[in-house]
Each structure stands twice: as structure tokens, then as C-alpha cells.
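What follows is target-v7.csv (CSV, C-alpha atoms and all ligand atoms).
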```
chain,number,residue,atom,x,y,z
A,18,MET,CA,-65.1,-39.1,22.7
A,19,VAL,CA,-63.7,-38.0,26.0
A,20,CYS,CA,-60.4,-39.5,25.0
A,21,ILE,CA,-60.4,-38.3,21.3
A,22,LEU,CA,-60.8,-34.6,22.0
A,23,PRO,CA,-57.7,-34.1,24.2
A,24,CYS,CA,-55.7,-36.2,21.7
A,25,CYS,CA,-56.7,-34.0,18.8
A,26,PHE,CA,-55.8,-30.9,20.8
A,27,ILE,CA,-52.4,-32.3,21.8
A,28,HIS,CA,-51.7,-33.5,18.2
A,29,ARG,CA,-52.6,-30.1,16.7
A,30,ASN,CA,-50.5,-28.2,19.2
A,31,PHE,CA,-47.6,-30.5,18.7
A,32,ARG,CA,-47.7,-29.7,14.9
A,33,LEU,CA,-47.9,-26.0,15.7
A,34,LEU,CA,-44.9,-26.4,18.0
A,35,VAL,CA,-42.9,-28.2,15.3
A,36,LEU,CA,-43.8,-25.6,12.7
A,37,PHE,CA,-42.9,-22.8,15.1
A,38,THR,CA,-39.6,-24.3,15.9
A,39,TYR,CA,-38.8,-24.8,12.2
A,40,PHE,CA,-39.6,-21.2,11.2
A,41,GLN,CA,-37.8,-19.9,14.2
A,42,LYS,CA,-34.7,-21.9,13.2
A,43,SER,CA,-34.7,-20.9,9.6
A,44,ALA,CA,-35.3,-17.2,10.4
A,45,PHE,CA,-32.4,-17.4,12.9
A,46,ALA,CA,-30.2,-19.2,10.4
A,47,THR,CA,-30.5,-16.3,7.9
A,48,HIS,CA,-29.0,-14.0,10.6
A,49,LEU,CA,-26.1,-16.1,11.5
A,50,PRO,CA,-22.8,-14.3,11.0
A,51,LEU,CA,-21.9,-16.3,7.9
A,52,HIS,CA,-18.9,-14.3,7.1
A,53,ARG,CA,-17.1,-15.4,10.2
A,54,SER,CA,-16.4,-18.9,8.9
A,55,PRO,CA,-14.2,-19.5,5.9
A,56,MET,CA,-16.4,-22.3,4.7
A,57,ALA,CA,-19.5,-20.2,5.1
A,58,SER,CA,-17.9,-17.4,3.1
A,59,ARG,CA,-17.3,-19.8,0.2
A,60,LEU,CA,-20.9,-20.9,0.4
A,61,ARG,CA,-22.0,-17.3,0.5
A,62,LEU,CA,-20.0,-16.6,-2.7
A,63,ALA,CA,-21.3,-19.6,-4.4
A,64,ALA,CA,-24.9,-18.6,-3.4
A,65,SER,CA,-24.4,-15.1,-4.7
A,66,GLY,CA,-23.3,-16.5,-8.1
A,67,GLU,CA,-19.7,-15.1,-7.7
A,68,ASN,CA,-17.0,-17.4,-8.9
A,69,PRO,CA,-13.7,-16.6,-7.6
A,70,ILE,CA,-10.6,-18.5,-8.5
A,71,THR,CA,-10.1,-20.7,-5.4
A,72,TYR,CA,-6.8,-22.1,-4.3
A,73,SER,CA,-6.2,-24.9,-1.9
A,74,LYS,CA,-4.7,-23.9,1.5
A,75,SER,CA,-1.3,-25.0,0.4
A,76,GLY,CA,-1.5,-22.7,-2.6
A,77,ALA,CA,-2.2,-19.6,-0.5
A,78,GLY,CA,1.1,-18.4,0.8
A,79,GLY,CA,2.7,-21.7,-0.1
A,80,GLU,CA,4.0,-22.8,-3.5
A,81,GLY,CA,2.0,-24.3,-6.2
A,82,GLY,CA,-1.5,-25.1,-4.9
A,83,THR,CA,-3.9,-24.4,-7.8
A,84,GLU,CA,-7.4,-25.7,-7.2
A,85,ARG,CA,-9.1,-23.2,-9.6
A,86,ASN,CA,-12.6,-22.4,-10.5
A,87,PRO,CA,-12.7,-22.1,-14.3
A,88,GLU,CA,-15.9,-20.0,-14.2
A,89,GLU,CA,-14.1,-17.0,-12.8
A,90,ALA,CA,-14.3,-15.2,-16.1
A,91,ARG,CA,-18.1,-14.7,-15.8
A,92,ARG,CA,-17.8,-12.0,-13.2
A,93,ARG,CA,-15.7,-9.4,-15.2
A,94,GLU,CA,-17.0,-5.9,-15.7
A,95,VAL,CA,-15.7,-4.1,-18.8
A,96,THR,CA,-15.7,-0.3,-18.9
A,97,ASP,CA,-15.2,1.1,-22.4
A,98,LEU,CA,-13.4,4.5,-21.8
A,99,GLY,CA,-13.8,5.4,-25.5
A,100,GLY,CA,-11.0,6.1,-28.0
A,101,GLY,CA,-9.7,2.5,-27.8
A,102,SER,CA,-9.1,2.5,-24.0
A,103,GLU,CA,-10.7,-0.1,-21.8
A,104,VAL,CA,-10.7,-1.2,-18.2
A,105,VAL,CA,-11.7,-4.7,-17.0
A,106,HIS,CA,-12.5,-5.2,-13.3
A,107,VAL,CA,-12.9,-8.6,-11.6
A,108,ALA,CA,-13.9,-7.9,-8.0
A,109,ARG,CA,-13.4,-11.5,-6.8
A,110,PHE,CA,-10.4,-12.7,-8.8
A,111,VAL,CA,-8.7,-14.6,-5.9
A,112,ALA,CA,-10.8,-16.2,-3.2
A,113,ARG,CA,-10.7,-14.5,0.2
A,114,GLU,CA,-8.7,-17.0,2.2
A,115,ALA,CA,-6.0,-17.5,-0.5
A,116,ALA,CA,-5.8,-13.8,-1.0
A,117,TRP,CA,-5.0,-13.4,2.8
A,118,GLY,CA,-2.4,-16.1,2.5
A,119,TRP,CA,-0.7,-14.2,-0.3
A,120,PHE,CA,-1.1,-10.9,1.5
A,121,ASP,CA,0.8,-12.3,4.6
A,122,TYR,CA,3.5,-13.8,2.4
A,123,LEU,CA,4.1,-10.6,0.5
A,124,ASP,CA,3.9,-8.3,3.6
A,125,LYS,CA,6.6,-10.4,5.3
A,126,ARG,CA,8.9,-11.6,2.5
A,127,ILE,CA,9.1,-8.8,0.0
A,128,PRO,CA,12.2,-6.5,0.6
A,129,TRP,CA,10.1,-3.4,0.6
A,130,THR,CA,11.9,0.0,0.2
A,131,ARG,CA,10.7,3.6,0.2
A,132,PRO,CA,13.0,5.3,-2.3
A,133,THR,CA,13.6,9.0,-2.7
A,134,ILE,CA,12.1,10.2,-6.1
A,135,ARG,CA,12.0,13.5,-8.0
A,136,VAL,CA,8.6,15.1,-8.4
A,137,PHE,CA,8.2,18.5,-10.1
A,138,GLY,CA,12.0,19.1,-9.7
A,139,ARG,CA,12.0,18.3,-6.0
A,140,SER,CA,13.2,15.3,-4.1
A,141,ALA,CA,10.7,13.5,-1.9
A,142,VAL,CA,10.3,10.1,-0.2
A,143,GLN,CA,7.9,8.0,-2.2
A,144,PRO,CA,4.6,7.9,-0.3
A,145,ARG,CA,4.4,4.1,-0.3
A,146,ASP,CA,6.7,1.1,-0.1
A,147,THR,CA,7.8,-0.5,-3.4
A,148,CYS,CA,9.7,-3.4,-5.0
A,149,TYR,CA,10.4,-4.4,-8.6
A,150,VAL,CA,10.7,-7.9,-10.1
A,151,ALA,CA,11.5,-8.6,-13.7
A,152,ASP,CA,12.9,-11.2,-16.2
A,153,GLU,CA,16.6,-10.9,-16.7
A,154,GLY,CA,17.9,-8.8,-19.6
A,155,LEU,CA,15.0,-6.4,-20.0
A,156,THR,CA,15.4,-2.7,-20.4
A,157,ASP,CA,15.6,-1.1,-17.0
A,158,LEU,CA,12.6,0.6,-15.6
A,159,ARG,CA,13.1,4.3,-14.6
A,160,TYR,CA,10.4,6.5,-13.2
A,161,SER,CA,10.5,9.9,-11.3
A,162,GLY,CA,14.3,9.8,-11.5
A,163,HIS,CA,14.5,6.5,-9.7
A,164,GLN,CA,15.8,3.2,-11.2
A,165,PRO,CA,14.6,0.3,-9.0
A,166,HIS,CA,16.7,-2.8,-8.6
A,167,ALA,CA,15.2,-5.7,-10.6
A,168,HIS,CA,14.7,-8.8,-8.4
A,169,SER,CA,14.4,-12.2,-9.9
A,170,TRP,CA,11.1,-14.1,-9.9
A,171,ASP,CA,13.0,-17.1,-8.4
A,172,GLU,CA,13.4,-15.2,-5.2
A,173,PHE,CA,9.6,-15.2,-4.6
A,174,PRO,CA,8.0,-18.4,-6.0
A,175,VAL,CA,4.6,-17.2,-4.8
A,176,LEU,CA,4.8,-14.3,-7.3
A,177,LYS,CA,5.1,-16.9,-10.1
A,178,ASP,CA,1.8,-18.5,-8.8
A,179,ILE,CA,0.1,-15.2,-8.9
A,180,LEU,CA,1.5,-14.4,-12.4
A,181,ASN,CA,0.2,-17.8,-13.6
A,182,ALA,CA,-3.2,-17.0,-12.3
A,183,VAL,CA,-3.2,-13.7,-14.1
A,184,HIS,CA,-2.0,-15.3,-17.3
A,185,GLU,CA,-4.8,-17.8,-17.1
A,186,ALA,CA,-7.4,-15.1,-16.6
A,187,LEU,CA,-6.0,-13.0,-19.5
A,188,PRO,CA,-5.3,-15.3,-22.4
A,189,GLY,CA,-2.6,-14.0,-24.7
A,190,SER,CA,-0.9,-11.9,-22.0
A,191,HIS,CA,2.8,-12.4,-21.4
A,192,PHE,CA,3.8,-10.2,-18.5
A,193,ASN,CA,7.6,-10.1,-17.7
A,194,SER,CA,7.8,-7.6,-15.0
A,195,LEU,CA,6.0,-6.6,-11.8
A,196,LEU,CA,5.9,-3.4,-9.7
A,197,LEU,CA,4.7,-4.0,-6.2
A,198,ASN,CA,3.4,-1.3,-3.9
A,199,ARG,CA,2.5,-1.4,-0.3
A,200,TYR,CA,0.3,1.3,1.2
A,201,LYS,CA,0.8,1.0,5.0
A,202,THR,CA,-2.0,3.4,6.0
A,203,GLY,CA,-4.5,5.7,4.3
A,204,SER,CA,-1.8,8.4,4.2
A,205,ASP,CA,0.1,6.4,1.7
A,206,TYR,CA,-0.9,7.0,-1.9
A,207,VAL,CA,0.1,7.3,-5.6
A,208,SER,CA,-0.6,10.6,-7.3
A,209,TRP,CA,-1.9,11.1,-10.8
A,210,HIS,CA,0.3,9.5,-13.4
A,211,ALA,CA,0.2,7.2,-16.4
A,212,ASP,CA,2.4,4.2,-16.9
A,213,ASP,CA,3.3,5.5,-20.4
A,214,GLU,CA,7.1,4.9,-20.3
A,215,PRO,CA,8.3,4.0,-23.8
A,216,LEU,CA,9.6,0.6,-22.7
A,217,TYR,CA,6.0,-0.6,-22.5
A,218,GLY,CA,5.1,0.4,-26.0
A,219,PRO,CA,2.0,2.4,-27.2
A,220,THR,CA,-0.8,0.2,-25.9
A,221,PRO,CA,0.4,-1.7,-22.8
A,222,GLU,CA,-1.8,-4.1,-21.0
A,223,ILE,CA,-1.4,-3.6,-17.2
A,224,ALA,CA,-2.9,-6.1,-14.8
A,225,SER,CA,-3.3,-4.9,-11.2
A,226,VAL,CA,-4.0,-7.3,-8.3
A,227,THR,CA,-5.0,-6.0,-4.9
A,228,PHE,CA,-4.6,-7.6,-1.4
A,229,GLY,CA,-5.7,-6.2,2.0
A,230,CYS,CA,-7.4,-2.9,2.6
A,231,GLU,CA,-9.7,-1.8,-0.1
A,232,ARG,CA,-8.9,1.6,-1.7
A,233,GLU,CA,-10.4,3.8,-4.4
A,234,PHE,CA,-8.6,3.7,-7.8
A,235,LEU,CA,-9.4,6.8,-9.9
A,236,LEU,CA,-9.0,7.3,-13.6
A,237,ARG,CA,-9.2,10.7,-15.3
A,238,LYS,CA,-8.9,11.7,-18.9
A,239,LYS,CA,-5.7,13.6,-19.8
A,240,LEU,CA,-6.4,17.1,-21.0
A,241,THR,CA,-5.7,17.7,-24.6
A,242,LYS,CA,-3.3,20.6,-25.5
A,243,SER,CA,-6.1,23.0,-26.1
A,244,GLN,CA,-7.9,22.1,-22.9
A,245,ALA,CA,-4.7,22.4,-20.9
A,246,SER,CA,-3.9,26.0,-22.2
A,247,PRO,CA,-7.2,27.4,-23.6
A,248,GLY,CA,-5.9,30.9,-23.8
A,249,SER,CA,-3.0,30.0,-26.1
A,250,GLY,CA,-4.9,30.7,-29.4
A,251,GLU,CA,-4.4,33.9,-31.3
A,252,VAL,CA,-7.7,35.4,-30.1
A,253,ALA,CA,-8.2,35.2,-26.3
A,254,PRO,CA,-11.6,33.8,-25.5
A,255,LYS,CA,-13.8,36.1,-23.5
A,256,ARG,CA,-14.5,33.6,-20.9
A,257,LEU,CA,-12.4,30.6,-20.1
A,258,LYS,CA,-14.6,27.6,-19.7
A,259,VAL,CA,-12.5,24.5,-18.8
A,260,SER,CA,-14.7,21.5,-18.4
A,261,ALA,CA,-13.8,19.0,-15.7
A,262,PRO,CA,-12.0,15.9,-17.1
A,263,GLN,CA,-14.0,12.7,-17.4
A,264,GLN,CA,-13.4,10.5,-14.4
A,265,HIS,CA,-14.1,6.9,-13.3
A,266,SER,CA,-13.7,5.4,-9.9
A,267,PHE,CA,-13.2,1.7,-9.0
A,268,LEU,CA,-13.2,0.3,-5.4
A,269,LEU,CA,-10.4,-2.2,-5.5
A,270,LYS,CA,-11.2,-4.9,-3.0
A,271,HIS,CA,-9.1,-7.6,-1.4
A,272,GLY,CA,-8.5,-10.3,-4.1
A,273,SER,CA,-9.6,-8.1,-7.0
A,274,LEU,CA,-8.1,-7.7,-10.5
A,275,LEU,CA,-8.2,-4.6,-12.6
A,276,VAL,CA,-6.8,-4.5,-16.1
A,277,MET,CA,-6.0,-1.3,-18.2
A,278,ARG,CA,-5.8,-1.9,-21.9
A,279,GLY,CA,-5.5,-0.2,-25.3
A,280,TYR,CA,-4.7,3.5,-25.1
A,281,THR,CA,-5.5,3.9,-21.4
A,282,GLN,CA,-1.9,4.9,-20.5
A,283,ARG,CA,-1.7,7.4,-23.5
A,284,ASP,CA,-5.0,9.1,-22.9
A,285,TRP,CA,-5.8,8.6,-19.1
A,286,GLN,CA,-4.1,9.0,-15.8
A,287,HIS,CA,-4.7,7.0,-12.6
A,288,SER,CA,-4.2,7.5,-8.9
A,289,VAL,CA,-4.9,6.0,-5.5
A,290,PRO,CA,-5.6,9.0,-3.3
A,291,LYS,CA,-5.1,9.3,0.5
A,292,ARG,CA,-8.0,8.0,2.5
A,293,ALA,CA,-8.2,8.8,6.2
A,294,LYS,CA,-10.5,5.8,6.7
A,295,ALA,CA,-8.1,3.2,5.2
A,296,SER,CA,-6.5,2.1,8.5
A,297,SER,CA,-4.9,-1.1,7.4
A,298,PRO,CA,-2.2,-2.0,4.8
A,299,ARG,CA,-2.9,-2.7,1.1
A,300,ILE,CA,-0.6,-4.4,-1.3
A,301,ASN,CA,-0.9,-3.9,-5.0
A,302,LEU,CA,0.8,-5.8,-7.8
A,303,THR,CA,1.0,-4.3,-11.3
A,304,PHE,CA,2.1,-6.8,-13.9
A,305,ARG,CA,3.5,-5.3,-17.1
A,306,ARG,CA,5.3,-6.3,-20.3
A,307,VAL,CA,8.5,-4.6,-21.2
A,308,LEU,CA,9.0,-4.8,-25.0
B,1,LIG,O1,-1.9,0.7,-6.3
B,1,LIG,C1,-2.6,0.8,-7.3
B,1,LIG,O2,-3.7,0.3,-7.4
B,1,LIG,C2,-2.0,1.5,-8.5
B,1,LIG,C3,-0.5,1.4,-8.6
B,1,LIG,C4,0.0,2.2,-9.7
B,1,LIG,O3,-0.6,3.1,-10.1
B,1,LIG,C5,1.3,1.9,-10.4
B,1,LIG,O4,2.0,0.9,-9.9
B,1,LIG,O5,1.6,2.5,-11.4
```
Translate this file's structure into C-alpha cells.
Amino acid sequence: MVCILPCCFIHRNFRLLVLFTYFQKSAFATHLPLHRSPMASRLRLAASGENPITYSKSGAGGEGGTERNPEEARRREVTDLGGGSEVVHVARFVAREAAWGWFDYLDKRIPWTRPTIRVFGRSAVQPRDTCYVADEGLTDLRYSGHQPHAHSWDEFPVLKDILNAVHEALPGSHFNSLLLNRYKTGSDYVSWHADDEPLYGPTPEIASVTFGCEREFLLRKKLTKSQASPGSGEVAPKRLKVSAPQQHSFLLKHGSLLVMRGYTQRDWQHSVPKRAKASSPRINLTFRRVL
């Protein structure tokens, strides 16, 4: 008896100690900075049910690596803008590490220029860096009085990898040209416009892939003629009531894909406004099909 009592006491306390250590560990584990390790970030994505396309290290920034996750399609968000216009958003299109590999490659290897363009009859330096890549023999692209030089895909093999990934995600698409933009800081932007140049036809599909700093992408409905000049009728209305255009906002994150379809270019405009808080560069690729 003398011997049994201390033994029970020690045994019980030992169990308590084991339980305490276990709970302390698991509670601590949930507060570990998971995002710091690349492996952990993949685990975190897997745990959250997000299924990015993943590329082997050699594919990111190298040529050809394509270890893909075929379940990527699950995470797409479709926004019906009405009137036959649609936007598809895939927040995790490219896995984080691969996307940083591509960012570094594009940042260093693309021959970025900042051309002078014409806006509302005035010359101005375009408020972002740009580059254009296209198949040979296509109609030249011209916007804001500027005709960019068309580079060949062969100069940038990584762009072919990204193009293949986009084609895989969007069955039936056949992009043959690409406009690249680099926003160095939050002061760089693209103002309201539509990619409604006739060379893309009436219902172009435009696929936009983002790397680096996340930025807001805005869409607003174009005003109809009567909305744009409400006083132009025979009888002037007593009070002009111009309603605000419909607007949508998407936060385009590192490795995301946004697709504009249907009549989006005919009926809507888009922009990436200045943002003081965006302190690091963003690279955006818009894949298009010249008809
Ligand atoms: O940077 C973006 O997300 C948009 C680029 C764009 O509007 C364009 O290339 O026409």
C-alpha cells in the first residue's frame, strides 16, 4: 500500500505531463509561420482545397518543366456581367514558387520599353513598361498612336511555357499574340480603356496572367449614347440624373489568371489604377488572338 500510492501518483502525473506536452505542441504548431517555407505553402494550399497548377523547379524560370495539377479548373470564379459578357478569375493559376521564377525571368530578360503614346491629342510617356510578342505575319497592333515592335516567341521560350499553361486551362483558345506590361511601382497604371481594336474581332477572349505585386483590376460598363449625353434629346430634361456606371473590382494576385470573354471589350472598359501602397513591381501578360 505504502508503495502503490506514490506509484499511482507518479503514473497519473506522468500521463498529465504527456498530455500537456502534446497539447502544447499542437497548439504551437498551428502558430508556426507556415508561409515561410515553400513546402509548407504547398501544404497550406492543399489543405485549403486550392489546386494551383504546379511546376517543377526547372519549369519555373527554366524551359519546359510541367508538373501540373489537373484539378486547377475547380477554383475558377465566373462573373456574368450580363449582355453576353463574362469574366473568369482563377486566383491560384500558377503555384507561388513557379510564379516567382517566371517573374524573375520576365523582369530580367524582357526588353522592356516605355514608349511615347498619344492620349486625347497629347503626347505622353506610357505610365508603365511594355513589350509585344506575336506570331509572324499577323496584322500589326496599333494603340494610342503607337505601333509596338512584334518580338518572336522563340526569343523567350518561357513565354511559350506560360502560353501552353493558358491554352491548357482554356480549352479551345488559340492565342497568337501577347502584350506584356510591367508596373514598377504603384504610380504606374493603365487608364480606362477597352481592347476593342478591330484586329481582335467582335468578341475577343483575352487571358491576363499576373506576377508580383497584387493590384486592383477594375471593370466599368461603357455608357450608352443616351447616358453619355443625356441632354441631347429634343426636350431637355428638367434634372439630369446620370447614374453611376456598373463597376466590378478584382484583386489580381501573384500567379492569378483573369479571362475576359464575349462582349466584354465592346461593352466594358478596364483599368489598373495607381495605388500608393503597391510598392513592388507587377508584371502582367495579356494573351490575345489576332484574327
Ligand atoms: O495589367 C493589367 O492587368 C491590364 C493590362 C491591360 O489592360 C492591357 O494590356 O490592355
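Picture a line from CA of Val107 in chain A to CA of Leu275 in chain A; it runs 6.3 Å.
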**OP:** Measure the distance from CA of Gln286 in chain A to CA of Asp178 in chain A in Å and round it to one decimal.
**Re:**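 These atoms are spaced 29.0 Å apart.
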Subject >> CA of Leu195 in chain A to CA of Val150 in chain A, straight-line distance in Å >> reply: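 Atom-to-atom, CA of Val150 in chain A and CA of Leu195 in chain A are spaced 5.2 Å apart.
Considering all atoms listed in the file, every residue of the polymer chains approaching ligand LIG 1 (chain B) to 6 Å or closer is listed here: Leu196, Asp212, Phe234, Ser288, Val289, Asn301 and Thr303 of chain A.
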Original post:
Near His106 in chain A, counting only C-alpha atoms, which residues have an atom at most 12 Å away, once you skip same-chain residues fewer than 5 positions from it, shown as a ChimeraX atom specification?
Top reply: /A:89-97,186-187,223-227,234,266-270,272-278
For the interface of range 134-242 of chain A with range 123-127 of chain A (cut-off 10 Å, counting all atoms listed in the file), please tabulate each contacting residue of range 134-242 of chain A alongside its nearest pair of atoms and their separation in Å to one decimal, rows sorted by chain and increasing number, as CSV.
```
residue,atom,partner,partner_atom,distance
A:Thr147,CA,A:Ile127,CA,9.1
A:Cys148,CA,A:Ile127,CA,7.4
A:Tyr149,CA,A:Ile127,CA,9.7
A:Glu172,CA,A:Ile127,CA,9.3
A:Phe173,CA,A:Ile127,CA,7.9
A:Val175,CA,A:Leu123,CA,8.5
A:Leu176,CA,A:Leu123,CA,8.7
A:Leu197,CA,A:Ile127,CA,9.0
A:Arg199,CA,A:Asp124,CA,8.0
A:Lys201,CA,A:Asp124,CA,9.9
A:Phe228,CA,A:Leu123,CA,9.4
A:Gly229,CA,A:Asp124,CA,10.0
```
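Excluding Gly279 in chain A itself and same-chain residues fewer than 5 positions from it, the residues having an atom within 7 Å of it are Gly101, Ser102, Glu103, Thr220, Pro221 and Glu222 of chain A, counting all atoms listed in the file.
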Original post:
Of the candidates A:Leu158, A:Ala261, A:Ala116, A:Ala141, which shows the shortest atom-to-atom distance to Ile300 in chain A, using all atoms listed in the file?
Top reply: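 The shortest atom-to-atom distance to Ile300 in chain A comes from A:Ala116.
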Can you list every residue of range 84-131 of chain A that has an atom at most 10 Å from range 143-146 of chain A, with its nearest atom pair and the distance in Å to one decimal, using only C-alpha atoms, ordered by chain then number, as JSON lines?
```
{"residue": "A:Pro128", "atom": "CA", "partner": "A:Asp146", "partner_atom": "CA", "distance": 9.4}
{"residue": "A:Trp129", "atom": "CA", "partner": "A:Asp146", "partner_atom": "CA", "distance": 5.7}
{"residue": "A:Thr130", "atom": "CA", "partner": "A:Asp146", "partner_atom": "CA", "distance": 5.3}
{"residue": "A:Arg131", "atom": "CA", "partner": "A:Asp146", "partner_atom": "CA", "distance": 4.7}
```
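Between Gly154 in chain A and the candidates A:Pro219, A:Leu308, A:Tyr206, A:Trp117, the tightest atom-to-atom separation, counting only C-alpha atoms, involves A:Leu308.
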**OP:** Identify which of the residues A:Thr156, A:Glu114, A:Gln263, A:Ser296 lies closest to Glu214 in chain A, counting only C-alpha atoms when measuring atom-to-atom distances.
**Re:**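 Checking each candidate against Glu214 in chain A, we get A:Thr156 as the closest.
You can rank A:Thr281, A:Thr241, A:Ser161, A:Gln264 by their closest distance to Val136 in chain A using all atoms listed in the file, and at the top of that list sits A:Ser161.
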